[in-house]
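Peer 1: Sending over data30.json (JSON, C-alpha atoms).
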```json
[["chain", "number", "residue", "atom", "x", "y", "z"],
["A", 1, "GLY", "CA", 16.92, 90.25, -49.42],
["A", 2, "GLY", "CA", 20.61, 89.63, -49.93],
["A", 3, "PRO", "CA", 22.43, 86.45, -50.70],
["A", 4, "GLY", "CA", 21.79, 83.71, -48.13],
["A", 5, "GLY", "CA", 18.71, 85.49, -46.87],
["A", 6, "GLY", "CA", 15.44, 83.94, -46.02],
["A", 7, "GLY", "CA", 13.37, 85.61, -48.72],
["A", 8, "PRO", "CA", 11.56, 83.95, -51.59],
["A", 9, "GLY", "CA", 13.88, 81.78, -53.61],
["A", 10, "GLY", "CA", 16.70, 82.15, -51.07],
["A", 11, "ARG", "CA", 18.42, 79.61, -48.81],
["A", 12, "GLY", "CA", 17.79, 80.11, -45.14],
["A", 13, "PRO", "CA", 19.23, 78.37, -42.13],
["A", 14, "GLY", "CA", 16.72, 75.51, -42.52],
["A", 15, "GLY", "CA", 18.50, 74.15, -45.60],
["A", 16, "PRO", "CA", 17.45, 73.94, -49.24],
["A", 17, "ARG", "CA", 13.95, 74.78, -50.21],
["A", 18, "GLY", "CA", 12.07, 74.30, -53.39],
["A", 19, "PRO", "CA", 10.76, 76.85, -55.80],
["A", 20, "GLY", "CA", 8.45, 79.31, -54.08],
["A", 21, "GLY", "CA", 9.66, 78.32, -50.58],
["A", 22, "GLY", "CA", 8.09, 74.84, -50.68],
["A", 23, "PRO", "CA", 9.74, 71.64, -49.57],
["A", 24, "PRO", "CA", 12.39, 70.14, -51.78],
["A", 25, "PRO", "CA", 11.27, 67.51, -54.24],
["A", 26, "GLY", "CA", 10.72, 64.05, -52.68],
["A", 27, "SER", "CA", 9.82, 65.38, -49.24],
["A", 28, "ALA", "CA", 6.41, 64.66, -47.72],
["A", 29, "PRO", "CA", 4.28, 67.78, -47.38],
["A", 30, "GLY", "CA", 3.90, 68.97, -43.79],
["A", 31, "GLY", "CA", 6.50, 66.59, -42.25],
["A", 32, "ASP", "CA", 9.83, 64.89, -42.48],
["A", 33, "GLY", "CA", 8.55, 61.82, -44.33],
["A", 34, "ASP", "CA", 8.51, 59.43, -41.32],
["A", 35, "ASP", "CA", 4.78, 59.77, -40.61],
["A", 36, "ASP", "CA", 3.62, 58.77, -44.05],
["A", 37, "PRO", "CA", 0.98, 56.01, -43.54],
["A", 38, "ASP", "CA", 1.90, 54.63, -46.91],
["A", 39, "GLU", "CA", 5.46, 53.83, -45.81],
["A", 40, "PRO", "CA", 6.06, 50.02, -45.69],
["A", 41, "GLY", "CA", 7.16, 50.12, -42.01],
["A", 42, "ASP", "CA", 3.74, 51.40, -40.90],
["A", 43, "GLN", "CA", 1.73, 48.69, -42.63],
["A", 44, "PRO", "CA", 0.31, 45.78, -40.54],
["A", 45, "ARG", "CA", 2.25, 42.59, -40.84],
["A", 46, "ARG", "CA", 0.73, 39.44, -42.29],
["A", 47, "GLY", "CA", -1.94, 38.07, -39.97],
["A", 48, "GLU", "CA", -2.32, 41.28, -37.95],
["A", 49, "ILE", "CA", -5.62, 43.12, -37.77],
["A", 50, "VAL", "CA", -5.66, 46.82, -37.02],
["A", 51, "VAL", "CA", -8.73, 47.92, -35.08],
["A", 52, "PRO", "CA", -9.08, 51.69, -34.95],
["A", 53, "LEU", "CA", -9.98, 53.08, -31.54],
["A", 54, "ARG", "CA", -13.01, 55.25, -32.20],
["A", 55, "PRO", "CA", -14.27, 57.09, -29.16],
["A", 56, "VAL", "CA", -17.98, 57.73, -28.82],
["A", 57, "ARG", "CA", -19.68, 60.14, -26.52],
["A", 58, "THR", "CA", -22.05, 58.85, -23.85],
["A", 59, "ASP", "CA", -23.84, 60.33, -20.84],
["A", 60, "GLU", "CA", -20.87, 59.23, -18.74],
["A", 61, "GLY", "CA", -18.26, 60.68, -21.05],
["A", 62, "TYR", "CA", -16.22, 59.24, -23.88],
["A", 63, "ARG", "CA", -15.56, 55.54, -24.32],
["A", 64, "SER", "CA", -14.23, 53.23, -27.02],
["A", 65, "VAL", "CA", -16.74, 51.59, -29.32],
["A", 66, "HIS", "CA", -15.01, 48.29, -28.46],
["A", 67, "SER", "CA", -15.30, 48.64, -24.68],
["A", 68, "GLU", "CA", -18.30, 46.32, -24.60],
["A", 69, "TYR", "CA", -15.94, 43.46, -25.45],
["A", 70, "THR", "CA", -13.51, 44.21, -22.61],
["A", 71, "ARG", "CA", -15.59, 45.48, -19.73],
["A", 72, "THR", "CA", -16.68, 43.08, -16.96],
["A", 73, "THR", "CA", -20.31, 42.05, -17.12],
["A", 74, "VAL", "CA", -22.48, 39.39, -15.51],
["A", 75, "GLY", "CA", -22.33, 37.41, -18.74],
["A", 76, "SER", "CA", -18.53, 37.54, -18.91],
["A", 77, "VAL", "CA", -18.26, 36.36, -15.30],
["A", 78, "VAL", "CA", -20.65, 33.46, -15.98],
["A", 79, "ARG", "CA", -18.74, 32.47, -19.12],
["A", 80, "ALA", "CA", -15.40, 32.58, -17.30],
["A", 81, "THR", "CA", -16.82, 30.49, -14.45],
["A", 82, "ILE", "CA", -18.22, 27.88, -16.83],
["A", 83, "ARG", "CA", -14.96, 27.75, -18.77],
["A", 84, "GLY", "CA", -12.89, 27.34, -15.58],
["A", 85, "THR", "CA", -15.23, 24.64, -14.25],
["A", 86, "GLY", "CA", -15.02, 22.76, -17.54],
["A", 87, "GLU", "CA", -11.23, 22.83, -17.52],
["A", 88, "LEU", "CA", -11.20, 21.62, -13.90],
["A", 89, "MET", "CA", -13.57, 18.74, -14.69],
["A", 90, "ILE", "CA", -11.43, 17.67, -17.65],
["A", 91, "THR", "CA", -8.34, 17.69, -15.44],
["A", 92, "LEU", "CA", -10.08, 15.64, -12.75],
["A", 93, "GLY", "CA", -11.30, 13.20, -15.39],
["A", 94, "LEU", "CA", -7.76, 12.67, -16.63],
["A", 95, "VAL", "CA", -6.56, 12.08, -13.07],
["A", 96, "VAL", "CA", -9.31, 9.49, -12.52],
["A", 97, "LEU", "CA", -8.40, 7.74, -15.79],
["A", 98, "LEU", "CA", -4.75, 7.60, -14.78],
["A", 99, "PHE", "CA", -5.67, 6.18, -11.38],
["A", 100, "ALA", "CA", -7.94, 3.58, -12.97],
["A", 101, "GLY", "CA", -5.16, 2.62, -15.35],
["A", 102, "TYR", "CA", -2.78, 2.15, -12.44],
["A", 103, "GLU", "CA", -5.34, 0.06, -10.53],
["A", 104, "VAL", "CA", -5.85, -2.20, -13.54],
["A", 105, "TRP", "CA", -2.32, -2.52, -14.95],
["A", 106, "GLY", "CA", 0.06, -0.93, -12.45],
["A", 107, "THR", "CA", -1.24, -3.00, -9.55],
["A", 108, "SER", "CA", -0.78, -6.17, -11.59],
["A", 109, "ALA", "CA", 2.92, -5.50, -11.99],
["A", 110, "VAL", "CA", 3.34, -4.88, -8.25],
["A", 111, "VAL", "CA", 1.39, -8.01, -7.29],
["A", 112, "ASP", "CA", 3.30, -10.17, -9.77],
["A", 113, "ALA", "CA", 6.60, -8.95, -8.34],
["A", 114, "HIS", "CA", 5.55, -9.79, -4.77],
["A", 115, "GLN", "CA", 4.19, -13.17, -5.87],
["A", 116, "SER", "CA", 7.55, -13.99, -7.41],
["A", 117, "THR", "CA", 9.22, -13.15, -4.09],
["A", 118, "LEU", "CA", 6.69, -15.25, -2.14],
["A", 119, "ASP", "CA", 7.25, -18.13, -4.56],
["A", 120, "ASP", "CA", 10.98, -18.07, -3.91],
["A", 121, "GLU", "CA", 10.42, -17.88, -0.16],
["A", 122, "LEU", "CA", 8.06, -20.84, -0.29],
["A", 123, "ASP", "CA", 10.62, -22.91, -2.20],
["A", 124, "ASP", "CA", 13.20, -22.06, 0.44],
["A", 125, "GLN", "CA", 10.82, -23.08, 3.23],
["A", 126, "TRP", "CA", 9.87, -26.34, 1.62],
["A", 127, "GLY", "CA", 13.38, -27.12, 0.47],
["A", 128, "ALA", "CA", 13.89, -30.20, -1.63],
["A", 129, "PRO", "CA", 10.88, -32.50, -1.95],
["A", 130, "PRO", "CA", 10.84, -35.11, 0.84],
["A", 131, "THR", "CA", 12.58, -38.34, -0.08],
["A", 132, "GLY", "CA", 10.54, -41.50, -0.25],
["A", 133, "ALA", "CA", 6.94, -41.74, -1.29],
["A", 134, "PRO", "CA", 4.64, -41.40, 1.70],
["A", 135, "THR", "CA", 1.28, -43.05, 1.66],
["A", 136, "PRO", "CA", -1.16, -40.63, -0.04],
["A", 137, "ARG", "CA", -3.46, -39.03, 2.43],
["A", 138, "ALA", "CA", -6.26, -36.56, 1.80],
["A", 139, "THR", "CA", -6.23, -35.45, 5.42],
["A", 140, "PRO", "CA", -3.11, -33.83, 6.85],
["A", 141, "SER", "CA", -2.56, -34.00, 10.58],
["A", 142, "ALA", "CA", -5.11, -31.90, 12.43],
["A", 143, "ALA", "CA", -2.31, -30.81, 14.75],
["A", 144, "ALA", "CA", -0.45, -29.10, 11.92],
["A", 145, "LEU", "CA", -0.14, -25.46, 12.79],
["A", 146, "ALA", "CA", -0.99, -22.70, 10.36],
["A", 147, "PRO", "CA", 1.83, -20.25, 9.56],
["A", 148, "PRO", "CA", 1.86, -16.78, 11.14],
["A", 149, "PRO", "CA", -0.22, -14.00, 9.51],
["A", 150, "GLY", "CA", 1.24, -13.20, 6.12],
["A", 151, "GLY", "CA", 3.19, -16.46, 5.99],
["A", 152, "ALA", "CA", 2.86, -18.75, 2.98],
["A", 153, "VAL", "CA", 0.33, -21.58, 3.28],
["A", 154, "ALA", "CA", 0.20, -23.26, -0.13],
["A", 155, "ARG", "CA", 0.11, -22.68, -3.87],
["A", 156, "LEU", "CA", -3.25, -22.33, -5.59],
["A", 157, "HIS", "CA", -3.49, -23.37, -9.26],
["A", 158, "ILE", "CA", -6.46, -22.74, -11.59],
["A", 159, "PRO", "CA", -5.62, -24.47, -14.90],
["A", 160, "ARG", "CA", -8.57, -22.99, -16.81],
["A", 161, "LEU", "CA", -7.33, -19.46, -16.12],
["A", 162, "LYS", "CA", -3.65, -20.45, -16.48],
["A", 163, "LYS", "CA", -2.99, -18.78, -13.14],
["A", 164, "ARG", "CA", -1.29, -19.71, -9.90],
["A", 165, "TRP", "CA", -0.69, -17.86, -6.64],
["A", 166, "VAL", "CA", 1.01, -18.33, -3.31],
["A", 167, "VAL", "CA", -1.69, -18.27, -0.62],
["A", 168, "VAL", "CA", -0.77, -16.54, 2.64],
["A", 169, "GLU", "CA", -2.29, -16.77, 6.10],
["A", 170, "GLY", "CA", -4.88, -14.13, 7.01],
["A", 171, "VAL", "CA", -7.49, -12.05, 5.22],
["A", 172, "LYS", "CA", -6.82, -8.60, 6.65],
["A", 173, "PRO", "CA", -6.06, -5.88, 4.08],
["A", 174, "ARG", "CA", -2.32, -6.04, 4.81],
["A", 175, "ASP", "CA", -2.36, -9.85, 4.40],
["A", 176, "ILE", "CA", -4.09, -10.01, 1.02],
["A", 177, "ARG", "CA", -2.55, -6.93, -0.51],
["A", 178, "TYR", "CA", -0.33, -9.00, -2.79],
["A", 179, "ALA", "CA", -1.68, -12.53, -2.43],
["A", 180, "PRO", "CA", -4.86, -14.51, -1.77],
["A", 181, "GLY", "CA", -5.34, -15.13, 1.95],
["A", 182, "HIS", "CA", -6.50, -18.15, 3.96],
["A", 183, "TYR", "CA", -9.33, -17.56, 6.44],
["A", 184, "PRO", "CA", -7.55, -18.36, 9.74],
["A", 185, "LYS", "CA", -10.41, -20.34, 11.30],
["A", 186, "SER", "CA", -11.13, -22.45, 8.25],
["A", 187, "ALA", "CA", -9.71, -25.90, 7.47],
["A", 188, "MET", "CA", -6.27, -26.40, 5.96],
["A", 189, "PRO", "CA", -5.91, -27.95, 2.48],
["A", 190, "GLY", "CA", -7.25, -31.51, 2.29],
["A", 191, "GLN", "CA", -8.82, -31.51, 5.76],
["A", 192, "PRO", "CA", -12.52, -32.20, 6.35],
["A", 193, "GLY", "CA", -14.29, -28.87, 6.38],
["A", 194, "ASN", "CA", -13.88, -25.81, 4.22],
["A", 195, "PHE", "CA", -10.46, -24.53, 3.14],
["A", 196, "SER", "CA", -11.50, -20.91, 2.44],
["A", 197, "VAL", "CA", -9.43, -18.34, 0.54],
["A", 198, "ALA", "CA", -10.12, -14.64, -0.14],
["A", 199, "GLY", "CA", -8.54, -12.53, -2.87],
["A", 200, "HIS", "CA", -8.84, -9.08, -4.39],
["A", 201, "ARG", "CA", -10.69, -8.60, -7.69],
["A", 202, "ASN", "CA", -7.78, -7.18, -9.65],
["A", 203, "ARG", "CA", -6.16, -8.39, -12.85],
["A", 204, "ALA", "CA", -3.32, -10.03, -10.94],
["A", 205, "THR", "CA", -5.53, -12.05, -8.59],
["A", 206, "PHE", "CA", -9.19, -13.14, -8.88],
["A", 207, "TRP", "CA", -10.16, -10.89, -11.81],
["A", 208, "ARG", "CA", -11.43, -13.74, -14.03],
["A", 209, "LEU", "CA", -12.91, -15.92, -11.31],
["A", 210, "ASP", "CA", -16.37, -15.47, -12.86],
["A", 211, "GLU", "CA", -15.21, -17.44, -15.93],
["A", 212, "LEU", "CA", -15.08, -20.70, -13.99],
["A", 213, "ALA", "CA", -17.86, -23.24, -14.40],
["A", 214, "ALA", "CA", -18.98, -26.49, -12.80],
["A", 215, "GLY", "CA", -16.48, -29.28, -13.49],
["A", 216, "ASP", "CA", -13.40, -27.03, -13.68],
["A", 217, "LYS", "CA", -10.48, -28.22, -11.60],
["A", 218, "ILE", "CA", -8.63, -26.27, -8.90],
["A", 219, "VAL", "CA", -5.34, -27.64, -7.56],
["A", 220, "VAL", "CA", -3.81, -26.83, -4.17],
["A", 221, "GLU", "CA", -0.12, -27.63, -3.66],
["A", 222, "THR", "CA", 1.34, -28.09, -0.18],
["A", 223, "ARG", "CA", 4.78, -29.19, 0.95],
["A", 224, "THR", "CA", 3.89, -32.89, 0.70],
["A", 225, "THR", "CA", 0.70, -33.22, -1.33],
["A", 226, "TRP", "CA", -1.23, -32.15, -4.39],
["A", 227, "PHE", "CA", -4.98, -31.75, -3.76],
["A", 228, "VAL", "CA", -7.34, -31.71, -6.75],
["A", 229, "TYR", "CA", -10.74, -30.08, -6.25],
["A", 230, "ASP", "CA", -13.72, -30.18, -8.61],
["A", 231, "LEU", "CA", -15.79, -27.00, -8.90],
["A", 232, "ARG", "CA", -19.36, -27.62, -7.76],
["A", 233, "GLU", "CA", -21.05, -24.20, -7.86],
["A", 234, "THR", "CA", -20.59, -20.45, -8.01],
["A", 235, "ARG", "CA", -22.76, -18.00, -6.11],
["A", 236, "ILE", "CA", -23.17, -14.26, -5.61],
["A", 237, "VAL", "CA", -23.97, -13.17, -2.06],
["A", 238, "ARG", "CA", -23.99, -10.08, 0.13],
["A", 239, "PRO", "CA", -20.89, -9.26, 2.22],
["A", 240, "HIS", "CA", -22.68, -10.15, 5.48],
["A", 241, "GLN", "CA", -23.44, -13.72, 4.31],
["A", 242, "THR", "CA", -20.42, -15.27, 6.01],
["A", 243, "GLU", "CA", -21.98, -18.72, 6.11],
["A", 244, "VAL", "CA", -20.25, -19.45, 2.80],
["A", 245, "VAL", "CA", -16.92, -19.89, 4.64],
["A", 246, "ARG", "CA", -18.27, -22.00, 7.51],
["A", 247, "PRO", "CA", -17.06, -25.62, 7.82],
["A", 248, "THR", "CA", -20.32, -26.72, 6.19],
["A", 249, "PRO", "CA", -21.61, -24.01, 3.85],
["A", 250, "PRO", "CA", -25.16, -24.09, 2.47],
["A", 251, "HIS", "CA", -25.89, -26.85, -0.10],
["A", 252, "PHE", "CA", -23.15, -29.13, 1.30],
["A", 253, "ARG", "CA", -22.94, -31.96, 3.86],
["A", 254, "LYS", "CA", -20.94, -32.08, 7.04],
["A", 255, "GLY", "CA", -17.57, -33.79, 6.68],
["A", 256, "GLN", "CA", -17.00, -32.94, 3.02],
["A", 257, "ARG", "CA", -13.55, -31.68, 2.11],
["A", 258, "LEU", "CA", -14.27, -28.35, 0.45],
["A", 259, "LEU", "CA", -12.45, -25.40, -1.06],
["A", 260, "THR", "CA", -14.11, -21.96, -1.17],
["A", 261, "LEU", "CA", -12.78, -18.90, -3.03],
["A", 262, "THR", "CA", -14.26, -15.47, -2.31],
["A", 263, "THR", "CA", -13.75, -12.12, -4.05],
["A", 264, "CYS", "CA", -15.52, -8.82, -4.62],
["A", 265, "ASN", "CA", -18.29, -8.49, -7.18],
["A", 266, "PRO", "CA", -18.87, -6.86, -9.61],
["A", 267, "LYS", "CA", -15.53, -5.78, -10.97],
["A", 268, "PHE", "CA", -14.47, -2.31, -9.77],
["A", 269, "ASP", "CA", -16.96, -2.52, -6.88],
["A", 270, "ASN", "CA", -17.50, -4.48, -3.67],
["A", 271, "TYR", "CA", -21.18, -4.47, -2.73],
["A", 272, "GLN", "CA", -21.40, -8.21, -3.49],
["A", 273, "ARG", "CA", -19.21, -11.28, -3.12],
["A", 274, "LEU", "CA", -18.50, -13.87, -5.80],
["A", 275, "ILE", "CA", -18.23, -17.33, -4.23],
["A", 276, "VAL", "CA", -16.73, -20.46, -5.78],
["A", 277, "HIS", "CA", -17.24, -23.81, -4.04],
["A", 278, "ALA", "CA", -15.22, -26.91, -4.98],
["A", 279, "GLU", "CA", -14.92, -30.40, -3.49],
["A", 280, "LEU", "CA", -11.81, -32.56, -3.09],
["A", 281, "VAL", "CA", -11.86, -35.46, -5.56],
["A", 282, "ARG", "CA", -8.34, -36.86, -5.20],
["A", 283, "SER", "CA", -4.85, -36.22, -3.91],
["A", 284, "GLN", "CA", -1.35, -37.43, -4.74],
["A", 285, "PRO", "CA", 2.06, -37.11, -3.07],
["A", 286, "ARG", "CA", 4.25, -34.28, -4.22],
["A", 287, "ALA", "CA", 7.52, -36.11, -3.63],
["A", 288, "GLY", "CA", 9.04, -38.18, -6.41],
["A", 289, "GLY", "CA", 6.24, -37.68, -8.87],
["A", 290, "ALA", "CA", 4.95, -35.43, -11.61],
["A", 291, "PRO", "CA", 2.32, -32.78, -10.92],
["A", 292, "PRO", "CA", -1.32, -33.76, -11.47],
["A", 293, "ALA", "CA", -2.44, -34.24, -15.04],
["A", 294, "GLU", "CA", -4.68, -31.18, -14.67],
["A", 295, "LEU", "CA", -1.56, -29.00, -14.64],
["A", 296, "ALA", "CA", 0.02, -30.57, -17.71],
["A", 297, "GLY", "CA", 0.69, -28.01, -20.39]]
```
What does the file become when written as structure tokens?
Peer 2:
Amino acid sequence: GGPGGGGPGGRGPGGPRGPGGGPPPGSAPGGDGDDDPDEPGDQPRRGEIVVPLRPVRTDEGYRSVHSEYTRTTVGSVVRATIRGTGELMITLGLVVLLFAGYEVWGTSAVVDAHQSTLDDELDDQWGAPPTGAPTPRATPSAAALAPPPGGAVARLHIPRLKKRWVVVEGVKPRDIRYAPGHYPKSAMPGQPGNFSVAGHRNRATFWRLDELAAGDKIVVETRTTWFVYDLRETRIVRPHQTEVVRPTPPHFRKGQRLLTLTTCNPKFDNYQRLIVHAELVRSQPRAGGAPPAELAG
């Protein structure tokens, strides 16, 4: 052929060619060089695993040799169900733990805040201590009226536990939500009979009531008088055994001046009741004097 022709050794329209019509030096045989598997851009990156897709022939046609890992089977459904159930149970467990934490510590903060408010309200109601020193009496007037439901009755001090609460009137759930409650039909502090008080078994209220023992002192503070009770016995009863808050509970005599505390038992449950019975041993006027020695320190 002539110059510029496409014959052997010539230069055709496709550009330069090597000796004998082959590709120019440096070019990949049979391509433009971009499909070379040895090129760095086609190599798997660090951490990547290349799994070749190898089809195999079956009675139903061709399929990948790896299809057994991706197709839905009874076993895969069971595994997914078990895995989902496990994740759900873990989530529910965390929710229960958070709720329990709130019941133990969160409730305490709420109760303490309301007790502080009740304490201030009680101080406002009582005002300044009465002037003059009235004759000490263990028995307030029987005609004294109890406050309305939810109203403050007295302060309850337990020196051994280093705790004190404002006691309110009533034992319905709304009454004792943030404070111990006085059984409406029971005696008032210092009167003959049984001054009975119920409280929740949470860390802010009667949580440690089971730590009390015979001989421990319990002090009740009213507007005019301090009443000191001596713990006589603790009992565990069923919820239906309401005789423990009667004017004369079992194991005691008629006419005694008693204090009874009731709460749920055991902790975190309520199928029993923990009962604490105490008897009045002395009283002293609140006006113009120091608190009882039992509260010192």
Peer 1: Figure out the distance between CA of Asp269 in chain A and CA of Asp119 in chain A, please, to one decimal in Å.
Peer 2: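 Calculated distance between CA of Asp119 in chain A and CA of Asp269 in chain A is 28.9 Å.
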Peer 1: My list of candidates is A:Val219, A:Ala187, A:Ile82, A:Gly289. Which is closest to Arg257 in chain A when distances are computed with all atoms listed in the file?
Peer 2: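 Among A:Val219, A:Ala187, A:Ile82, A:Gly289, it is A:Ala187 that comes nearest to Arg257 in chain A.
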Peer 1: Using only C-alpha atoms, which protein or nucleic acid residues come within 6 Å of range 147-157 of chain A? Drop anything in the same chain fewer than 5 positions from it, and give the result as a list in words.
Peer 2: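 Answer for this query is Arg164, Trp165, Val166, Val167, Val168, Glu169, Gly170, Asp175, Ile218, Val219, Val220, Glu221 and Thr222 of chain A.
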Peer 1: Write the residues of the selection above to a file with C-alpha atoms, as a PDB file, keeping the file's coordinate frame.
Peer 2:
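Here's the written file result_6.pdb:
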```
ATOM      1  CA  ARG A 164      -1.290 -19.710  -9.900  1.00  0.00           C
ATOM      2  CA  TRP A 165      -0.690 -17.860  -6.640  1.00  0.00           C
ATOM      3  CA  VAL A 166       1.010 -18.330  -3.310  1.00  0.00           C
ATOM      4  CA  VAL A 167      -1.690 -18.270  -0.620  1.00  0.00           C
ATOM      5  CA  VAL A 168      -0.770 -16.540   2.640  1.00  0.00           C
ATOM      6  CA  GLU A 169      -2.290 -16.770   6.100  1.00  0.00           C
ATOM      7  CA  GLY A 170      -4.880 -14.130   7.010  1.00  0.00           C
ATOM      8  CA  ASP A 175      -2.360  -9.850   4.400  1.00  0.00           C
ATOM      9  CA  ILE A 218      -8.630 -26.270  -8.900  1.00  0.00           C
ATOM     10  CA  VAL A 219      -5.340 -27.640  -7.560  1.00  0.00           C
ATOM     11  CA  VAL A 220      -3.810 -26.830  -4.170  1.00  0.00           C
ATOM     12  CA  GLU A 221      -0.120 -27.630  -3.660  1.00  0.00           C
ATOM     13  CA  THR A 222       1.340 -28.090  -0.180  1.00  0.00           C
TER      14      THR A 222
END
```
Peer 1: Would you compute the distance between CA of Val110 in chain A and CA of Tyr183 in chain A? Give it in Å to one decimal.
Peer 2: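 Computing the Euclidean distance for CA of Val110 in chain A and CA of Tyr183 in chain A yields 23.2 Å.
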Peer 1: Counting only C-alpha atoms, find residues at most 10 Å from (-15.9, -5.9, -11.2) (file frame) and give them as number ranges by chain.
Peer 2: A: 201-202, 207-208, 210, 263-270, 272, 274
Peer 1: Hey, which of A:Leu280, A:Ser196, A:Ile275, A:Gly215 ends up closest to Thr234 in chain A? Count all atoms listed in the file.
Peer 2: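 Among the listed residues, the smallest separation from Thr234 in chain A belongs to A:Ile275.
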Peer 1: Model the absent atoms of range 250-256 of chain A so that all heavy atoms are present, and write the result as a PDB file, in the coordinates of the input.
Peer 2:
```pdb
ATOM      1  N   PRO A 250     -23.889 -23.646   3.021  1.00  0.00           N
ATOM      2  CA  PRO A 250     -25.160 -24.090   2.470  1.00  0.00           C
ATOM      3  C   PRO A 250     -24.976 -24.951   1.220  1.00  0.00           C
ATOM      4  O   PRO A 250     -24.039 -24.750   0.436  1.00  0.00           O
ATOM      5  CB  PRO A 250     -25.872 -22.768   2.127  1.00  0.00           C
ATOM      6  CG  PRO A 250     -25.259 -21.761   3.054  1.00  0.00           C
ATOM      7  CD  PRO A 250     -23.837 -22.187   3.214  1.00  0.00           C
ATOM      8  N   HIS A 251     -25.865 -25.934   1.053  1.00  0.00           N
ATOM      9  CA  HIS A 251     -25.890 -26.850  -0.100  1.00  0.00           C
ATOM     10  C   HIS A 251     -24.846 -27.961   0.011  1.00  0.00           C
ATOM     11  O   HIS A 251     -24.669 -28.724  -0.949  1.00  0.00           O
ATOM     12  CB  HIS A 251     -25.699 -26.107  -1.428  1.00  0.00           C
ATOM     13  CG  HIS A 251     -26.586 -24.921  -1.612  1.00  0.00           C
ATOM     14  ND1 HIS A 251     -26.270 -23.867  -2.433  1.00  0.00           N
ATOM     15  CD2 HIS A 251     -27.790 -24.607  -1.061  1.00  0.00           C
ATOM     16  CE1 HIS A 251     -27.228 -22.957  -2.396  1.00  0.00           C
ATOM     17  NE2 HIS A 251     -28.165 -23.396  -1.562  1.00  0.00           N
ATOM     18  N   PHE A 252     -24.142 -28.076   1.153  1.00  0.00           N
ATOM     19  CA  PHE A 252     -23.150 -29.130   1.300  1.00  0.00           C
ATOM     20  C   PHE A 252     -23.387 -29.896   2.600  1.00  0.00           C
ATOM     21  O   PHE A 252     -24.111 -29.445   3.485  1.00  0.00           O
ATOM     22  CB  PHE A 252     -21.723 -28.541   1.276  1.00  0.00           C
ATOM     23  CG  PHE A 252     -21.338 -27.988  -0.062  1.00  0.00           C
ATOM     24  CD1 PHE A 252     -21.521 -26.640  -0.348  1.00  0.00           C
ATOM     25  CD2 PHE A 252     -20.813 -28.808  -1.045  1.00  0.00           C
ATOM     26  CE1 PHE A 252     -21.182 -26.118  -1.589  1.00  0.00           C
ATOM     27  CE2 PHE A 252     -20.469 -28.300  -2.294  1.00  0.00           C
ATOM     28  CZ  PHE A 252     -20.653 -26.953  -2.571  1.00  0.00           C
ATOM     29  N   ARG A 253     -22.753 -31.083   2.697  1.00  0.00           N
ATOM     30  CA  ARG A 253     -22.940 -31.960   3.860  1.00  0.00           C
ATOM     31  C   ARG A 253     -21.750 -31.850   4.803  1.00  0.00           C
ATOM     32  O   ARG A 253     -20.617 -31.576   4.368  1.00  0.00           O
ATOM     33  CB  ARG A 253     -23.090 -33.410   3.412  1.00  0.00           C
ATOM     34  CG  ARG A 253     -24.228 -33.655   2.423  1.00  0.00           C
ATOM     35  CD  ARG A 253     -24.339 -35.142   2.103  1.00  0.00           C
ATOM     36  NE  ARG A 253     -23.069 -35.732   1.716  1.00  0.00           N
ATOM     37  CZ  ARG A 253     -22.572 -35.683   0.490  1.00  0.00           C
ATOM     38  NH1 ARG A 253     -23.251 -35.084  -0.476  1.00  0.00           N
ATOM     39  NH2 ARG A 253     -21.420 -36.285   0.223  1.00  0.00           N
ATOM     40  N   LYS A 254     -21.982 -32.106   6.046  1.00  0.00           N
ATOM     41  CA  LYS A 254     -20.940 -32.080   7.040  1.00  0.00           C
ATOM     42  C   LYS A 254     -19.906 -33.168   6.741  1.00  0.00           C
ATOM     43  O   LYS A 254     -20.259 -34.284   6.363  1.00  0.00           O
ATOM     44  CB  LYS A 254     -21.538 -32.305   8.433  1.00  0.00           C
ATOM     45  CG  LYS A 254     -20.520 -32.214   9.557  1.00  0.00           C
ATOM     46  CD  LYS A 254     -21.182 -32.368  10.912  1.00  0.00           C
ATOM     47  CE  LYS A 254     -20.153 -32.271  12.038  1.00  0.00           C
ATOM     48  NZ  LYS A 254     -20.783 -32.401  13.377  1.00  0.00           N
ATOM     49  N   GLY A 255     -18.637 -32.824   6.901  1.00  0.00           N
ATOM     50  CA  GLY A 255     -17.570 -33.790   6.680  1.00  0.00           C
ATOM     51  C   GLY A 255     -16.965 -33.755   5.296  1.00  0.00           C
ATOM     52  O   GLY A 255     -15.918 -34.383   5.062  1.00  0.00           O
ATOM     53  N   GLN A 256     -17.595 -33.041   4.354  1.00  0.00           N
ATOM     54  CA  GLN A 256     -17.000 -32.940   3.020  1.00  0.00           C
ATOM     55  C   GLN A 256     -15.721 -32.114   3.087  1.00  0.00           C
ATOM     56  O   GLN A 256     -15.575 -31.210   3.919  1.00  0.00           O
ATOM     57  CB  GLN A 256     -17.990 -32.300   2.039  1.00  0.00           C
ATOM     58  CG  GLN A 256     -19.150 -33.193   1.640  1.00  0.00           C
ATOM     59  CD  GLN A 256     -20.082 -32.494   0.654  1.00  0.00           C
ATOM     60  OE1 GLN A 256     -20.830 -31.599   1.019  1.00  0.00           O
ATOM     61  NE2 GLN A 256     -20.030 -32.934  -0.597  1.00  0.00           N
TER      62      GLN A 256
END
```
